[in-house]
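Undergrad: Below is protein_26.cif; it holds mmCIF, N, CA and C atoms.
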data_target
loop_
_atom_site.label_atom_id
_atom_site.label_comp_id
_atom_site.auth_asym_id
_atom_site.auth_seq_id
_atom_site.Cartn_x
_atom_site.Cartn_y
_atom_site.Cartn_z
N ARG A 1 -20.64 237.56 -190.47
CA ARG A 1 -20.05 238.82 -190.84
C ARG A 1 -19.98 239.71 -189.62
N ASP A 2 -18.87 240.38 -189.40
CA ASP A 2 -18.65 241.26 -188.26
C ASP A 2 -19.34 242.60 -188.52
N ILE A 3 -20.26 242.97 -187.64
CA ILE A 3 -20.98 244.23 -187.76
C ILE A 3 -20.04 245.41 -187.58
N GLY A 4 -19.00 245.26 -186.80
CA GLY A 4 -18.02 246.32 -186.56
C GLY A 4 -18.27 247.05 -185.25
N GLY A 5 -19.40 247.71 -185.11
CA GLY A 5 -19.75 248.43 -183.89
C GLY A 5 -20.98 247.82 -183.25
N SER A 6 -21.96 248.66 -182.96
CA SER A 6 -23.23 248.18 -182.40
C SER A 6 -24.19 247.82 -183.53
N GLY A 7 -25.03 246.81 -183.29
CA GLY A 7 -26.02 246.42 -184.30
C GLY A 7 -27.10 247.46 -184.45
N VAL A 8 -27.66 247.92 -183.32
CA VAL A 8 -28.69 248.98 -183.30
C VAL A 8 -28.23 250.00 -182.28
N PHE A 9 -28.09 251.25 -182.69
CA PHE A 9 -27.61 252.32 -181.81
C PHE A 9 -28.70 253.39 -181.74
N LEU A 10 -29.26 253.59 -180.54
CA LEU A 10 -30.33 254.57 -180.34
C LEU A 10 -29.77 255.71 -179.50
N PHE A 11 -30.00 256.95 -179.93
CA PHE A 11 -29.39 258.06 -179.21
C PHE A 11 -30.41 259.10 -178.72
N GLY A 12 -31.66 258.68 -178.50
CA GLY A 12 -32.65 259.54 -177.87
C GLY A 12 -33.77 259.95 -178.80
N ASP A 13 -34.79 260.59 -178.19
CA ASP A 13 -36.00 261.04 -178.90
C ASP A 13 -36.70 259.90 -179.64
N ILE A 14 -36.69 258.71 -179.07
CA ILE A 14 -37.34 257.54 -179.68
C ILE A 14 -38.40 257.03 -178.72
N ASN A 15 -39.59 256.76 -179.24
CA ASN A 15 -40.69 256.30 -178.40
C ASN A 15 -41.41 255.15 -179.09
N GLY A 16 -41.50 254.01 -178.39
CA GLY A 16 -42.30 252.89 -178.88
C GLY A 16 -41.64 252.00 -179.93
N LEU A 17 -40.34 251.98 -180.01
CA LEU A 17 -39.65 251.12 -180.98
C LEU A 17 -39.65 249.67 -180.51
N VAL A 18 -39.91 248.73 -181.43
CA VAL A 18 -39.86 247.30 -181.14
C VAL A 18 -38.72 246.69 -181.95
N ILE A 19 -37.79 246.03 -181.26
CA ILE A 19 -36.70 245.28 -181.90
C ILE A 19 -36.99 243.83 -181.61
N GLU A 20 -37.39 243.08 -182.62
CA GLU A 20 -37.94 241.75 -182.41
C GLU A 20 -37.52 240.79 -183.52
N ARG A 21 -37.18 239.56 -183.10
CA ARG A 21 -36.88 238.44 -184.01
C ARG A 21 -35.72 238.73 -184.97
N ASN A 22 -34.61 239.17 -184.39
CA ASN A 22 -33.39 239.43 -185.16
C ASN A 22 -32.29 238.48 -184.72
N ARG A 23 -31.35 238.23 -185.62
CA ARG A 23 -30.12 237.50 -185.30
C ARG A 23 -28.95 238.38 -185.65
N MET A 24 -28.12 238.64 -184.65
CA MET A 24 -26.90 239.42 -184.88
C MET A 24 -25.74 238.68 -184.25
N ASP A 25 -24.67 238.55 -184.99
CA ASP A 25 -23.50 237.82 -184.52
C ASP A 25 -22.23 238.60 -184.84
N THR A 26 -21.48 238.92 -183.82
CA THR A 26 -20.15 239.50 -183.88
C THR A 26 -20.15 240.99 -184.22
N GLY A 27 -19.80 241.76 -183.22
CA GLY A 27 -19.65 243.20 -183.38
C GLY A 27 -18.77 243.76 -182.29
N GLY A 28 -18.17 244.89 -182.53
CA GLY A 28 -17.26 245.50 -181.57
C GLY A 28 -17.96 246.22 -180.43
N GLY A 29 -19.23 246.58 -180.61
CA GLY A 29 -19.97 247.30 -179.57
C GLY A 29 -20.98 246.41 -178.88
N SER A 30 -22.20 246.90 -178.75
CA SER A 30 -23.31 246.14 -178.18
C SER A 30 -24.28 245.78 -179.29
N ALA A 31 -25.02 244.70 -179.13
CA ALA A 31 -26.02 244.35 -180.15
C ALA A 31 -27.08 245.45 -180.22
N VAL A 32 -27.61 245.87 -179.06
CA VAL A 32 -28.54 247.00 -178.99
C VAL A 32 -28.02 247.95 -177.93
N ARG A 33 -27.85 249.22 -178.30
CA ARG A 33 -27.34 250.21 -177.36
C ARG A 33 -28.22 251.45 -177.42
N ALA A 34 -28.79 251.83 -176.29
CA ALA A 34 -29.55 253.07 -176.16
C ALA A 34 -28.79 253.96 -175.18
N THR A 35 -28.38 255.13 -175.64
CA THR A 35 -27.56 256.02 -174.82
C THR A 35 -28.36 257.24 -174.35
N ALA A 36 -27.71 258.04 -173.52
CA ALA A 36 -28.27 259.34 -173.16
C ALA A 36 -28.41 260.16 -174.44
N PRO A 37 -29.29 261.16 -174.45
CA PRO A 37 -29.50 261.95 -175.66
C PRO A 37 -28.20 262.48 -176.26
N GLN A 38 -28.07 262.32 -177.56
CA GLN A 38 -26.91 262.78 -178.32
C GLN A 38 -27.35 263.32 -179.67
N PHE A 39 -26.46 263.97 -180.38
CA PHE A 39 -26.70 264.41 -181.76
C PHE A 39 -27.96 265.26 -181.89
N GLY A 40 -28.24 266.11 -180.90
CA GLY A 40 -29.39 267.00 -180.95
C GLY A 40 -30.65 266.46 -180.30
N ALA A 41 -30.67 265.20 -179.90
CA ALA A 41 -31.84 264.64 -179.20
C ALA A 41 -31.97 265.31 -177.84
N THR A 42 -33.20 265.47 -177.36
CA THR A 42 -33.42 266.15 -176.08
C THR A 42 -33.93 265.24 -174.98
N THR A 43 -34.41 264.04 -175.33
CA THR A 43 -34.88 263.08 -174.32
C THR A 43 -34.27 261.72 -174.60
N GLY A 44 -34.36 260.83 -173.61
CA GLY A 44 -33.88 259.46 -173.79
C GLY A 44 -34.88 258.63 -174.59
N THR A 45 -34.73 257.34 -174.52
CA THR A 45 -35.60 256.40 -175.24
C THR A 45 -36.71 255.94 -174.29
N THR A 46 -37.94 255.91 -174.78
CA THR A 46 -39.11 255.54 -173.99
C THR A 46 -39.87 254.41 -174.71
N GLY A 47 -40.36 253.44 -173.93
CA GLY A 47 -41.21 252.40 -174.50
C GLY A 47 -40.50 251.45 -175.45
N LEU A 48 -39.21 251.24 -175.27
CA LEU A 48 -38.45 250.32 -176.12
C LEU A 48 -38.79 248.88 -175.75
N ILE A 49 -39.00 248.03 -176.75
CA ILE A 49 -39.22 246.60 -176.52
C ILE A 49 -38.17 245.84 -177.30
N VAL A 50 -37.38 245.02 -176.59
CA VAL A 50 -36.37 244.17 -177.21
C VAL A 50 -36.72 242.74 -176.82
N ARG A 51 -37.21 241.94 -177.78
CA ARG A 51 -37.66 240.59 -177.43
C ARG A 51 -37.47 239.63 -178.60
N TYR A 52 -37.33 238.34 -178.24
CA TYR A 52 -37.21 237.23 -179.20
C TYR A 52 -36.06 237.41 -180.19
N ASN A 53 -34.92 237.89 -179.70
CA ASN A 53 -33.74 238.07 -180.53
C ASN A 53 -32.65 237.10 -180.13
N ARG A 54 -31.70 236.86 -181.04
CA ARG A 54 -30.50 236.08 -180.74
C ARG A 54 -29.29 236.94 -181.05
N PHE A 55 -28.54 237.27 -180.00
CA PHE A 55 -27.34 238.10 -180.13
C PHE A 55 -26.15 237.33 -179.57
N ALA A 56 -25.04 237.33 -180.29
CA ALA A 56 -23.85 236.60 -179.84
C ALA A 56 -22.57 237.33 -180.25
N ASN A 57 -21.55 237.17 -179.42
CA ASN A 57 -20.18 237.59 -179.75
C ASN A 57 -20.01 239.09 -179.96
N PHE A 58 -20.49 239.90 -179.01
CA PHE A 58 -20.30 241.34 -179.11
C PHE A 58 -19.24 241.80 -178.12
N GLY A 59 -18.52 242.85 -178.48
CA GLY A 59 -17.39 243.34 -177.70
C GLY A 59 -17.77 244.00 -176.39
N PHE A 60 -19.00 244.47 -176.26
CA PHE A 60 -19.44 245.07 -175.00
C PHE A 60 -20.58 244.25 -174.41
N ASP A 61 -21.80 244.68 -174.62
CA ASP A 61 -22.96 244.05 -174.00
C ASP A 61 -23.94 243.55 -175.07
N GLY A 62 -24.82 242.63 -174.67
CA GLY A 62 -25.87 242.22 -175.58
C GLY A 62 -26.87 243.36 -175.77
N VAL A 63 -27.45 243.83 -174.65
CA VAL A 63 -28.38 244.96 -174.65
C VAL A 63 -27.90 245.93 -173.58
N SER A 64 -27.63 247.16 -173.96
CA SER A 64 -27.14 248.18 -173.04
C SER A 64 -28.08 249.38 -173.10
N LEU A 65 -28.76 249.68 -171.98
CA LEU A 65 -29.73 250.77 -171.94
C LEU A 65 -29.31 251.83 -170.93
N ASN A 66 -29.29 253.08 -171.37
CA ASN A 66 -28.94 254.22 -170.53
C ASN A 66 -29.98 255.31 -170.82
N THR A 67 -30.54 255.91 -169.79
CA THR A 67 -31.57 256.95 -169.95
C THR A 67 -32.74 256.40 -170.75
N THR A 68 -33.20 255.22 -170.39
CA THR A 68 -34.31 254.55 -171.06
C THR A 68 -35.37 254.25 -170.01
N VAL A 69 -36.64 254.60 -170.29
CA VAL A 69 -37.71 254.40 -169.32
C VAL A 69 -38.86 253.61 -169.94
N ASP A 70 -39.65 252.96 -169.07
CA ASP A 70 -40.84 252.21 -169.49
C ASP A 70 -40.56 251.25 -170.63
N SER A 71 -39.51 250.45 -170.50
CA SER A 71 -39.08 249.57 -171.57
C SER A 71 -39.06 248.12 -171.12
N GLU A 72 -38.97 247.20 -172.08
CA GLU A 72 -39.02 245.76 -171.81
C GLU A 72 -37.90 245.05 -172.57
N ILE A 73 -37.21 244.16 -171.85
CA ILE A 73 -36.23 243.26 -172.46
C ILE A 73 -36.68 241.86 -172.05
N SER A 74 -37.08 241.02 -173.01
CA SER A 74 -37.57 239.70 -172.63
C SER A 74 -37.34 238.67 -173.73
N ASN A 75 -37.17 237.42 -173.30
CA ASN A 75 -37.07 236.27 -174.20
C ASN A 75 -36.02 236.42 -175.30
N ASN A 76 -34.85 236.90 -174.92
CA ASN A 76 -33.73 237.01 -175.85
C ASN A 76 -32.69 235.95 -175.52
N ASP A 77 -32.00 235.47 -176.53
CA ASP A 77 -30.88 234.54 -176.36
C ASP A 77 -29.60 235.36 -176.53
N LEU A 78 -28.89 235.59 -175.42
CA LEU A 78 -27.68 236.42 -175.42
C LEU A 78 -26.51 235.55 -175.00
N SER A 79 -25.48 235.47 -175.85
CA SER A 79 -24.35 234.61 -175.50
C SER A 79 -23.02 235.22 -175.94
N GLN A 80 -21.99 234.89 -175.19
CA GLN A 80 -20.60 235.23 -175.48
C GLN A 80 -20.38 236.73 -175.65
N MET A 81 -20.86 237.51 -174.68
CA MET A 81 -20.60 238.95 -174.65
C MET A 81 -19.36 239.19 -173.80
N THR A 82 -18.56 240.17 -174.17
CA THR A 82 -17.36 240.48 -173.40
C THR A 82 -17.72 240.99 -172.01
N ASN A 83 -18.73 241.84 -171.89
CA ASN A 83 -19.12 242.39 -170.60
C ASN A 83 -20.36 241.70 -170.04
N SER A 84 -21.52 242.22 -170.34
CA SER A 84 -22.79 241.71 -169.78
C SER A 84 -23.76 241.32 -170.87
N GLY A 85 -24.68 240.42 -170.55
CA GLY A 85 -25.76 240.13 -171.45
C GLY A 85 -26.71 241.32 -171.53
N ILE A 86 -27.09 241.84 -170.34
CA ILE A 86 -27.96 243.01 -170.24
C ILE A 86 -27.32 243.99 -169.27
N ARG A 87 -27.19 245.23 -169.69
CA ARG A 87 -26.62 246.28 -168.83
C ARG A 87 -27.59 247.44 -168.77
N LEU A 88 -28.00 247.79 -167.55
CA LEU A 88 -28.92 248.91 -167.34
C LEU A 88 -28.21 249.99 -166.54
N GLN A 89 -28.28 251.22 -167.01
CA GLN A 89 -27.64 252.34 -166.30
C GLN A 89 -28.67 253.39 -165.98
#
Could you express the structure from this file as structure tokens?
TA:
Amino acid sequence: RDIGGSGVFLFGDINGLVIERNRMDTGGGSAVRATAPQFGATTGTTGLIVRYNRFANFGFDGVSLNTTVDSEISNNDLSQMTNSGIRLQ
């Protein structure tokens, strides 16, 4: 099933979130996207852990992190992304 956009969209003021052991296939955005603060958030994402996931066939990136600090991306299976498997800004 096509997710349409991003599977998980984080827009700031998040600390210590773990995204683990998920399967996502086909979406127009990124499987996991953390952006600069939006929608009233005042800080970026801190302490994000993305591990042991399988992401495939997304229109942008597998994991895209912007304004994210002290975070971990490890042991993910990322395939067939239009842009990058992992994008850090």
Undergrad: So which residues get picked by the PyMOL selection byres ((chain A and resi 40-55) around 6) here, written as a PyMOL selection string?
TA: chain A and resi 11-25+35-39+56-57+67-79
Undergrad: Expressed in Å to a single decimal, how great is the separation between atom CA of A:Ile3 and atom C of A:Ser30?
TA: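 Here the two named atoms are 9.2 Å from each other.
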Undergrad: In Å, with one decimal, what is the gap from atom C of A:Ser64 to atom C of A:Arg87?
TA: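 It comes out at 4.8 Å.
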Undergrad: Report, in Å with one decimal, the straight-line distance from atom CA of A:Thr82 to atom N of A:Arg33.
TA: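 According to the coordinates, atom CA of A:Thr82 and atom N of A:Arg33 are separated by 14.5 Å.
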Undergrad: Name the residues that the PyMOL selection byres (((chain A and resi 32 and name CA) around 7) and name CA) picks from the file above, as a list in words, using the file's chain letters and numbers.
TA: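 With the PyMOL selection byres (((chain A and resi 32 and name CA) around 7) and name CA) on this model, the match is Ser6, Gly7, Val8, Phe9, Ser30, Ala31, Arg33, Ala34, Gly62, Val63 and Ser64 of chain A.
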Undergrad: Which one is closest to A:Gln89: A:Gly27, A:Gly59, A:Asn66, A:Gly4? Count only C-alpha atoms.
TA: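 The shortest atom-to-atom distance to A:Gln89 comes from A:Asn66.
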Undergrad: Please give the complete set of residues from chain A that DSSP, run on the backbone, assigns to strand (DSSP E), formatted as a PyMOL selection string.
TA: chain A and resi 8-10+14-15+18-20+23-27+32-34+45-46+49-51+54-58+63-65+68-69+72-74+77-79+86-88
Undergrad: Identify which of the residues A:Gly5, A:Leu10, A:Gly29, A:Leu88 lies closest to A:Phe60, counting all atoms listed in the file when measuring atom-to-atom distances.
TA: A:Gly29
Undergrad: Select stretch 10-26 of chain A in the preceding structure and write N, CA, C and O atoms to a file as a tab-separated table (two decimals), in the first residue's frame.
TA:
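Output file result-v1.tsv is given in full below:
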chain	number	residue	atom	x	y	z
A	10	LEU	N	8.64	14.17	11.55
A	10	LEU	CA	8.92	14.83	12.83
A	10	LEU	C	9.23	16.29	12.56
A	10	LEU	O	10.06	16.59	11.72
A	11	PHE	N	8.60	17.19	13.30
A	11	PHE	CA	8.80	18.61	13.00
A	11	PHE	C	9.30	19.42	14.20
A	11	PHE	O	9.11	20.61	14.28
A	12	GLY	N	10.01	18.76	15.14
A	12	GLY	CA	10.68	19.48	16.21
A	12	GLY	C	10.07	19.22	17.58
A	12	GLY	O	9.02	18.60	17.72
A	13	ASP	N	10.78	19.71	18.61
A	13	ASP	CA	10.39	19.54	20.02
A	13	ASP	C	10.21	18.07	20.40
A	13	ASP	O	9.34	17.73	21.20
A	14	ILE	N	11.03	17.19	19.84
A	14	ILE	CA	10.96	15.76	20.13
A	14	ILE	C	12.30	15.33	20.71
A	14	ILE	O	13.35	15.66	20.16
A	15	ASN	N	12.26	14.58	21.80
A	15	ASN	CA	13.48	14.14	22.46
A	15	ASN	C	13.36	12.66	22.84
A	15	ASN	O	12.41	12.27	23.53
A	16	GLY	N	14.31	11.85	22.36
A	16	GLY	CA	14.38	10.46	22.79
A	16	GLY	C	13.44	9.49	22.09
A	16	GLY	O	13.17	8.42	22.63
A	17	LEU	N	12.97	9.80	20.92
A	17	LEU	CA	12.07	8.90	20.18
A	17	LEU	C	12.87	7.75	19.56
A	17	LEU	O	13.95	7.96	19.01
A	18	VAL	N	12.34	6.52	19.65
A	18	VAL	CA	12.94	5.35	19.02
A	18	VAL	C	12.00	4.85	17.95
A	18	VAL	O	10.83	4.56	18.21
A	19	ILE	N	12.50	4.75	16.71
A	19	ILE	CA	11.76	4.17	15.59
A	19	ILE	C	12.48	2.88	15.26
A	19	ILE	O	13.60	2.89	14.75
A	20	GLU	N	11.86	1.75	15.57
A	20	GLU	CA	12.56	0.47	15.55
A	20	GLU	C	11.64	-0.65	15.04
A	20	GLU	O	10.48	-0.71	15.40
A	21	ARG	N	12.23	-1.52	14.21
A	21	ARG	CA	11.58	-2.74	13.72
A	21	ARG	C	10.27	-2.48	12.98
A	21	ARG	O	9.23	-3.08	13.26
A	22	ASN	N	10.34	-1.58	12.00
A	22	ASN	CA	9.19	-1.27	11.15
A	22	ASN	C	9.49	-1.66	9.71
A	22	ASN	O	10.64	-1.68	9.30
A	23	ARG	N	8.44	-1.93	8.95
A	23	ARG	CA	8.53	-2.14	7.51
A	23	ARG	C	7.63	-1.13	6.84
A	23	ARG	O	6.44	-1.08	7.13
A	24	MET	N	8.22	-0.33	5.96
A	24	MET	CA	7.44	0.63	5.19
A	24	MET	C	7.85	0.50	3.74
A	24	MET	O	9.04	0.47	3.43
A	25	ASP	N	6.86	0.44	2.87
A	25	ASP	CA	7.11	0.27	1.44
A	25	ASP	C	6.23	1.22	0.64
A	25	ASP	O	5.01	1.19	0.78
A	26	THR	N	6.86	2.06	-0.14
A	26	THR	CA	6.25	2.93	-1.12
A	26	THR	C	5.57	4.16	-0.51
A	26	THR	O	4.54	4.06	0.16
